[in-house]
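What follows is protein_0.csv (CSV, C-alpha atoms and all ligand atoms).
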chain,number,residue,atom,x,y,z
A,1,MET,CA,0.0,0.0,0.0
A,2,VAL,CA,1.3,3.4,-0.9
A,3,PHE,CA,0.3,6.4,1.2
A,4,TYR,CA,1.6,9.8,2.3
A,5,ALA,CA,3.6,9.1,5.4
A,6,VAL,CA,5.6,11.0,7.9
A,7,PHE,CA,8.7,9.1,8.9
A,8,SER,CA,12.0,9.6,10.5
A,9,LEU,CA,14.9,9.2,8.2
A,10,ILE,CA,17.3,8.1,10.9
A,11,SER,CA,16.2,5.5,13.4
A,12,THR,CA,15.3,6.9,16.8
A,13,ASP,CA,18.2,5.3,18.5
A,14,PHE,CA,20.3,7.8,16.6
A,15,GLN,CA,21.0,9.9,19.7
A,16,GLY,CA,18.0,12.0,19.1
A,17,LEU,CA,19.1,12.8,15.5
A,18,THR,CA,15.7,12.3,13.8
A,19,TYR,CA,14.0,14.3,11.2
A,20,ILE,CA,10.7,14.2,9.6
A,21,CYS,CA,9.9,14.5,5.9
A,22,HIS,CA,6.7,14.0,4.0
A,23,MET,CA,6.8,11.7,1.1
A,24,GLU,CA,5.1,8.8,-0.6
A,25,ILE,CA,6.4,5.5,0.6
A,26,SER,CA,5.1,2.0,1.2
A,27,GLN,CA,4.6,0.6,4.7
A,28,ASP,CA,7.2,-2.0,4.0
A,29,THR,CA,9.7,0.6,2.9
A,30,ARG,CA,9.0,2.6,6.0
A,31,ASN,CA,9.8,-0.3,8.2
A,32,ILE,CA,13.2,-1.0,6.8
A,33,LEU,CA,14.7,2.4,6.5
A,34,GLY,CA,17.3,3.8,8.9
A,35,LEU,CA,21.1,4.3,8.8
A,36,LYS,CA,22.7,2.6,11.8
A,37,LEU,CA,25.5,5.1,12.5
A,38,PRO,CA,25.3,8.9,12.6
A,39,THR,CA,28.0,11.0,11.0
A,40,ASP,CA,30.7,12.0,13.4
A,41,PRO,CA,29.7,15.4,14.8
A,42,ARG,CA,33.2,16.7,14.0
A,43,TRP,CA,32.6,16.3,10.3
A,44,VAL,CA,30.5,19.4,9.9
A,45,ASN,CA,33.1,21.6,11.6
A,46,LEU,CA,35.8,20.2,9.3
A,47,ALA,CA,33.5,20.6,6.3
A,48,GLU,CA,32.8,24.2,7.2
A,49,LYS,CA,36.6,25.0,7.1
A,50,SER,CA,36.9,23.4,3.6
A,51,LEU,CA,33.7,24.4,2.0
A,52,GLU,CA,35.4,24.9,-1.4
A,53,GLU,CA,36.5,21.3,-1.3
A,54,ILE,CA,33.1,20.1,-0.2
A,55,LEU,CA,31.5,22.0,-3.1
A,56,THR,CA,33.8,20.3,-5.6
A,57,ASP,CA,33.2,16.9,-4.1
A,58,HIS,CA,29.5,17.5,-4.0
A,59,ALA,CA,29.4,18.6,-7.7
A,60,TRP,CA,31.0,15.3,-8.6
A,61,CYS,CA,28.6,13.3,-6.5
A,62,GLU,CA,25.7,14.9,-8.3
A,63,GLN,CA,27.2,14.2,-11.6
A,64,LYS,CA,27.8,10.6,-10.7
A,65,ALA,CA,24.2,10.2,-9.4
A,66,ALA,CA,23.0,11.4,-12.8
A,67,THR,CA,25.2,9.1,-14.8
A,68,THR,CA,24.4,6.1,-12.6
A,69,CYS,CA,20.7,6.6,-13.2
A,70,ILE,CA,21.4,6.8,-17.0
A,71,SER,CA,23.4,3.5,-16.7
A,72,LEU,CA,20.5,1.9,-14.9
A,73,ILE,CA,18.1,3.0,-17.6
A,74,GLN,CA,20.4,1.6,-20.3
A,75,ARG,CA,21.0,-1.7,-18.4
A,76,TYR,CA,17.3,-2.3,-17.5
A,77,SER,CA,15.5,-0.7,-20.4
A,78,ASP,CA,12.9,-3.5,-20.3
A,79,LYS,CA,11.7,-2.3,-16.9
A,80,GLU,CA,9.1,0.3,-17.7
A,81,LYS,CA,8.6,1.7,-14.2
A,82,LEU,CA,12.3,2.0,-13.6
A,83,VAL,CA,12.8,3.9,-16.9
A,84,ALA,CA,9.8,6.1,-16.1
A,85,GLU,CA,10.9,6.9,-12.6
A,86,LEU,CA,14.6,7.3,-13.1
A,87,SER,CA,14.3,9.5,-16.2
A,88,PRO,CA,13.2,12.6,-14.2
A,89,ILE,CA,15.8,11.8,-11.5
A,90,VAL,CA,18.5,12.1,-14.2
A,91,THR,CA,17.3,15.7,-14.9
A,92,GLU,CA,17.0,16.4,-11.2
A,93,GLU,CA,20.5,15.2,-10.4
A,94,TRP,CA,21.9,17.1,-13.3
A,95,GLY,CA,20.1,20.2,-12.0
A,96,HIS,CA,21.8,19.6,-8.7
A,97,PHE,CA,25.1,19.4,-10.4
A,98,ARG,CA,24.4,22.7,-12.1
A,99,LEU,CA,23.4,24.4,-8.8
A,100,VAL,CA,26.7,23.3,-7.2
A,101,LEU,CA,28.6,24.4,-10.3
A,102,ALA,CA,27.0,27.8,-10.0
A,103,GLU,CA,28.1,28.1,-6.4
A,104,LEU,CA,31.7,27.2,-7.4
A,105,GLU,CA,31.6,29.8,-10.2
A,106,LYS,CA,30.2,32.5,-7.8
A,107,ARG,CA,33.3,31.9,-5.7
A,108,ASN,CA,35.7,31.9,-8.7
A,109,LEU,CA,36.4,28.2,-8.1
A,110,LYS,CA,37.0,25.5,-10.7
A,111,LEU,CA,35.3,22.2,-10.8
A,112,GLY,CA,38.7,20.4,-10.9
A,113,ASN,CA,39.2,16.7,-11.3
A,114,GLN,CA,37.1,13.9,-10.1
A,115,ARG,CA,38.3,12.6,-6.7
A,116,LYS,CA,38.7,9.0,-5.5
A,117,ASP,CA,35.5,8.2,-3.7
A,118,GLU,CA,36.6,5.8,-0.9
A,119,TYR,CA,33.1,5.6,0.5
A,120,VAL,CA,31.4,4.6,-2.7
A,121,ASN,CA,34.3,2.3,-3.7
A,122,ALA,CA,33.9,0.5,-0.3
A,123,LEU,CA,30.2,0.1,-0.9
A,124,LEU,CA,30.8,-1.3,-4.4
A,125,GLU,CA,33.0,-4.0,-3.0
A,126,PHE,CA,29.9,-5.4,-1.2
A,127,GLN,CA,27.9,-5.6,-4.4
A,128,GLN,CA,27.1,-9.1,-5.7
A,129,LYS,CA,29.3,-9.5,-8.8
A,130,GLY,CA,28.3,-12.9,-10.2
A,131,GLY,CA,25.4,-15.2,-9.5
A,132,ASP,CA,21.8,-14.6,-10.2
A,133,TYR,CA,20.5,-11.6,-12.2
A,134,GLU,CA,18.0,-10.6,-9.6
A,135,GLY,CA,20.6,-10.5,-6.8
A,136,ARG,CA,22.9,-8.2,-8.9
A,137,PHE,CA,20.0,-6.0,-9.9
A,138,LEU,CA,18.9,-5.7,-6.3
A,139,ASP,CA,22.4,-4.7,-5.1
A,140,GLN,CA,22.6,-2.0,-7.7
A,141,LEU,CA,19.4,-0.4,-6.5
A,142,LEU,CA,20.3,-0.8,-2.9
A,143,THR,CA,23.7,0.8,-3.4
A,144,MET,CA,22.0,3.8,-4.8
A,145,ALA,CA,19.5,3.9,-2.0
A,146,LEU,CA,22.3,3.8,0.5
A,147,ILE,CA,24.3,6.6,-1.1
A,148,GLU,CA,21.2,8.7,-1.3
A,149,ALA,CA,20.4,8.1,2.4
A,150,ARG,CA,23.9,8.9,3.6
A,151,SER,CA,24.1,12.0,1.3
A,152,CYS,CA,20.8,13.1,2.8
A,153,GLU,CA,22.1,12.7,6.3
A,154,ARG,CA,25.3,14.7,5.5
A,155,PHE,CA,23.2,17.5,3.9
A,156,LYS,CA,21.1,17.5,7.1
A,157,ARG,CA,24.3,18.0,9.1
A,158,LEU,CA,25.4,20.9,6.9
A,159,SER,CA,21.9,22.5,6.9
A,160,GLU,CA,21.9,22.5,10.7
A,161,GLY,CA,25.6,22.9,11.6
A,162,LEU,CA,27.0,25.5,9.3
A,163,ASN,CA,27.1,29.1,10.5
A,164,ASP,CA,26.3,30.7,7.1
A,165,GLU,CA,22.5,31.1,6.7
A,166,TYR,CA,22.7,31.0,2.9
A,167,MET,CA,24.6,27.7,2.8
A,168,LYS,CA,22.3,26.2,5.5
A,169,LYS,CA,19.3,26.8,3.2
A,170,PHE,CA,21.4,25.6,0.2
A,171,TYR,CA,22.0,22.2,1.8
A,172,ARG,CA,18.5,21.9,3.2
A,173,ARG,CA,17.2,21.8,-0.4
A,174,PHE,CA,19.5,19.0,-1.3
A,175,MET,CA,18.6,17.1,1.9
A,176,GLU,CA,14.9,17.1,1.0
A,177,SER,CA,15.6,16.0,-2.6
A,178,GLU,CA,17.9,13.1,-1.7
A,179,ALA,CA,15.4,11.8,0.9
A,180,GLY,CA,12.9,11.3,-1.9
A,181,HIS,CA,15.5,9.5,-4.0
A,182,TYR,CA,16.5,6.9,-1.5
A,183,THR,CA,12.9,5.8,-0.9
A,184,LEU,CA,12.4,5.7,-4.7
A,185,PHE,CA,15.3,3.2,-5.1
A,186,ILE,CA,13.8,1.0,-2.4
A,187,GLU,CA,10.4,1.2,-4.0
A,188,LEU,CA,11.8,0.2,-7.3
A,189,ALA,CA,13.5,-2.8,-5.6
A,190,GLU,CA,10.1,-3.8,-4.1
A,191,THR,CA,8.4,-3.4,-7.4
A,192,TYR,CA,10.6,-6.1,-9.1
A,193,ILE,CA,11.8,-8.3,-6.2
A,194,ASP,CA,10.1,-10.0,-3.3
A,195,LYS,CA,9.8,-7.6,-0.4
A,196,VAL,CA,11.2,-10.1,2.2
A,197,LYS,CA,14.3,-10.5,0.0
A,198,VAL,CA,14.6,-6.7,-0.3
A,199,ARG,CA,14.3,-6.2,3.4
A,200,LEU,CA,16.8,-8.9,4.2
A,201,ARG,CA,19.4,-7.6,1.8
A,202,TRP,CA,18.8,-4.0,2.9
A,203,SER,CA,19.6,-4.9,6.5
A,204,GLN,CA,22.9,-6.5,5.3
A,205,TRP,CA,23.7,-3.4,3.3
A,206,LEU,CA,23.0,-1.2,6.4
A,207,LYS,CA,25.4,-3.3,8.4
A,208,HIS,CA,28.1,-3.1,5.7
A,209,GLU,CA,27.6,0.7,5.5
A,210,THR,CA,28.1,1.0,9.2
A,211,SER,CA,31.4,-0.9,9.0
A,212,VAL,CA,32.5,1.3,6.1
A,213,ILE,CA,31.7,4.6,7.9
A,214,LYS,CA,33.6,3.3,11.0
A,215,LYS,CA,36.7,2.6,8.9
A,216,LEU,CA,36.8,5.8,7.0
A,217,LYS,CA,38.8,8.8,8.4
A,218,VAL,CA,36.6,11.8,9.2
A,219,ARG,CA,37.6,14.4,6.7
A,220,GLY,CA,36.1,17.7,5.8
A,221,ASP,CA,36.9,17.7,2.1
A,222,ARG,CA,34.4,14.9,1.2
A,223,ILE,CA,30.7,14.7,1.3
A,224,HIS,CA,31.0,11.0,2.4
B,301,FE,FE,21.3,15.0,-6.0
B,302,FE,FE,19.9,11.9,-5.4

Show this structure as structure tokens.
Ligand SMILES: [Fe+2]
Ligand SMILES: [Fe+2]
Amino acid sequence: MVFYAVFSLISTDFQGLTYICHMEISQDTRNILGLKLPTDPRWVNLAEKSLEEILTDHAWCEQKAATTCISLIQRYSDKEKLVAELSPIVTEEWGHFRLVLAELEKRNLKLGNQRKDEYVNALLEFQQKGGDYEGRFLDQLLTMALIEARSCERFKRLSEGLNDEYMKKFYRRFMESEAGHYTLFIELAETYIDKVKVRLRWSQWLKHETSVIKKLKVRGDRIH
């Protein structure tokens, strides 16, 4: 059943770090959401000191989000709902890229080269590479859901923790948008794959993501 729901992005055991957003999600999706580990509180202070680096990294993240959605459409062109739902997300992510690019330009900064994304690389290691088609497809959707969820959480940190009012509002907008994206990827998984299987694999992904976050050094020049 799909309905308009109010849900907390981060589970309530997240040391009070909860927030509410309104969106269309299924009851099953609602039950399985929730990152297990909040971002280290030091991160936003470090990020504030290297906002230029954060903007560059963010720009690349948005670009990668757009290109990954294009790849999914190309790979799974037989899935009508996926194609229909992800097509506007490509436009949205590209719009995000342009917004961040405009912020860089305003500051006379250059986009620069793409950086090594340790977080995403560590997630990709967990993806099922061989085996059944369905398992590989599911992992591709859940990887995206997770990146969107963690990005959303980081944007929340920035929207609350920065001192600059303009930048707080800037990141709030991204936070809301990425929250919608991660539920969409879970919904797509539930559309094509048994919900119990989706839920089980999502919980494994959440555990893996927790171990990745624990291992990564807290650095202010990266979104993740
Ligand atoms: Fe985005
Ligand atoms: Fe997104």

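Closest approach to Ile147 (chain A) among A:Leu162, A:Val218, A:Ala189, A:Leu206: A:Leu206, based on only C-alpha atoms.
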
Have a look at A:Ile213, A:Leu72, A:Leu37, A:Leu99 and name the one nearest to ligand FE 301 (chain B); count all atoms listed in the file.
A:Leu99

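Between CA of Ala179 (chain A) and CA of His96 (chain A) lies a distance of 13.9 Å.
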
Please provide the set of residues having any atom within 12 Å of Tyr133 (chain A), restricted to all atoms listed in the file, with same-chain residues fewer than 6 positions apart removed, written as an MDAnalysis selection string.
chainID A and resid 75:76 139:140 192:193

Would you mind reading off the distance between CA of Cys61 (chain A) and CA of Arg219 (chain A), one decimal, in Å?
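Taking CA of Cys61 (chain A) as the start and CA of Arg219 (chain A) as the end point, the length is 16.0 Å.
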
Set out as a Markdown table a contact list for chain A and ligand FE 302 (chain B) with a cut-off of 8 Å, giving each residue of chain A that qualifies its closest atom pair and distance in Å to one decimal, counting all atoms listed in the file, ordered by chain and rising residue number.
| residue | atom | partner | partner_atom | distance |
| --- | --- | --- | --- | --- |
| A:Glu62 | CA | B:FE302 | FE | 7.1 |
| A:Ala65 | CA | B:FE302 | FE | 6.1 |
| A:Ile89 | CA | B:FE302 | FE | 7.4 |
| A:Glu92 | CA | B:FE302 | FE | 7.9 |
| A:Glu93 | CA | B:FE302 | FE | 6.0 |
| A:Glu148 | CA | B:FE302 | FE | 5.4 |
| A:Ser151 | CA | B:FE302 | FE | 7.9 |
| A:Ser177 | CA | B:FE302 | FE | 6.6 |
| A:Glu178 | CA | B:FE302 | FE | 4.4 |
| A:Ala179 | CA | B:FE302 | FE | 7.7 |
| A:Gly180 | CA | B:FE302 | FE | 7.8 |
| A:His181 | CA | B:FE302 | FE | 5.2 |
| A:Tyr182 | CA | B:FE302 | FE | 7.2 |

Can you work out the spacing between CA of Lys116 (chain A) and CA of Val100 (chain A) in Å, to one decimal?
18.7 Å

Identify which of the residues A:Pro88, A:Gly130, A:Pro41, A:Gly95 lies closest to ligand FE 301 (chain B), counting all atoms listed in the file when measuring atom-to-atom distances.
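Of A:Pro88, A:Gly130, A:Pro41, A:Gly95, the one nearest ligand FE 301 (chain B), counting all atoms listed in the file, is A:Gly95.
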
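Nearest to ligand FE 301 (chain B) of all the residues A:Leu184, A:Leu216, A:Ala59, A:Leu124 is A:Ala59, counting all atoms listed in the file.
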
Leaving out Ser159 (chain A) and any residue of its chain fewer than 3 positions from it, which residues lie within 12 Å of it when counting all atoms listed in the file, given as a ChimeraX atom specification?
/A:44,47-48,152-156,162-176

Go ahead and dump the residues you just picked, C-alpha atoms, as a PDB file, in the coordinates of the input.
ATOM      1  CA  VAL A  44      30.500  19.400   9.900  1.00  0.00           C
ATOM      2  CA  ALA A  47      33.500  20.600   6.300  1.00  0.00           C
ATOM      3  CA  GLU A  48      32.800  24.200   7.200  1.00  0.00           C
ATOM      4  CA  CYS A 152      20.800  13.100   2.800  1.00  0.00           C
ATOM      5  CA  GLU A 153      22.100  12.700   6.300  1.00  0.00           C
ATOM      6  CA  ARG A 154      25.300  14.700   5.500  1.00  0.00           C
ATOM      7  CA  PHE A 155      23.200  17.500   3.900  1.00  0.00           C
ATOM      8  CA  LYS A 156      21.100  17.500   7.100  1.00  0.00           C
ATOM      9  CA  LEU A 162      27.000  25.500   9.300  1.00  0.00           C
ATOM     10  CA  ASN A 163      27.100  29.100  10.500  1.00  0.00           C
ATOM     11  CA  ASP A 164      26.300  30.700   7.100  1.00  0.00           C
ATOM     12  CA  GLU A 165      22.500  31.100   6.700  1.00  0.00           C
ATOM     13  CA  TYR A 166      22.700  31.000   2.900  1.00  0.00           C
ATOM     14  CA  MET A 167      24.600  27.700   2.800  1.00  0.00           C
ATOM     15  CA  LYS A 168      22.300  26.200   5.500  1.00  0.00           C
ATOM     16  CA  LYS A 169      19.300  26.800   3.200  1.00  0.00           C
ATOM     17  CA  PHE A 170      21.400  25.600   0.200  1.00  0.00           C
ATOM     18  CA  TYR A 171      22.000  22.200   1.800  1.00  0.00           C
ATOM     19  CA  ARG A 172      18.500  21.900   3.200  1.00  0.00           C
ATOM     20  CA  ARG A 173      17.200  21.800  -0.400  1.00  0.00           C
ATOM     21  CA  PHE A 174      19.500  19.000  -1.300  1.00  0.00           C
ATOM     22  CA  MET A 175      18.600  17.100   1.900  1.00  0.00           C
ATOM     23  CA  GLU A 176      14.900  17.100   1.000  1.00  0.00           C
TER      24      GLU A 176
END

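Distances from A:Leu35, A:Val212, A:Ile54, A:Cys69 to Ala149 (chain A) were compared using only C-alpha atoms, and the smallest one belongs to A:Leu35.
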
I need the residue nearest Glu53 (chain A) from this list: A:Gly34, A:Gly161, A:Gly220, A:Gly131. Use all atoms listed in the file for the distance.
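So, comparing all the options, the nearest one is A:Gly220.
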
Sel. within 12 Å of pt (39.5, 19.0, -5.3), counting all atoms listed in the file, output as an MDAnalysis selection string
chainID A and resid 50:60 104 109:117 220:223
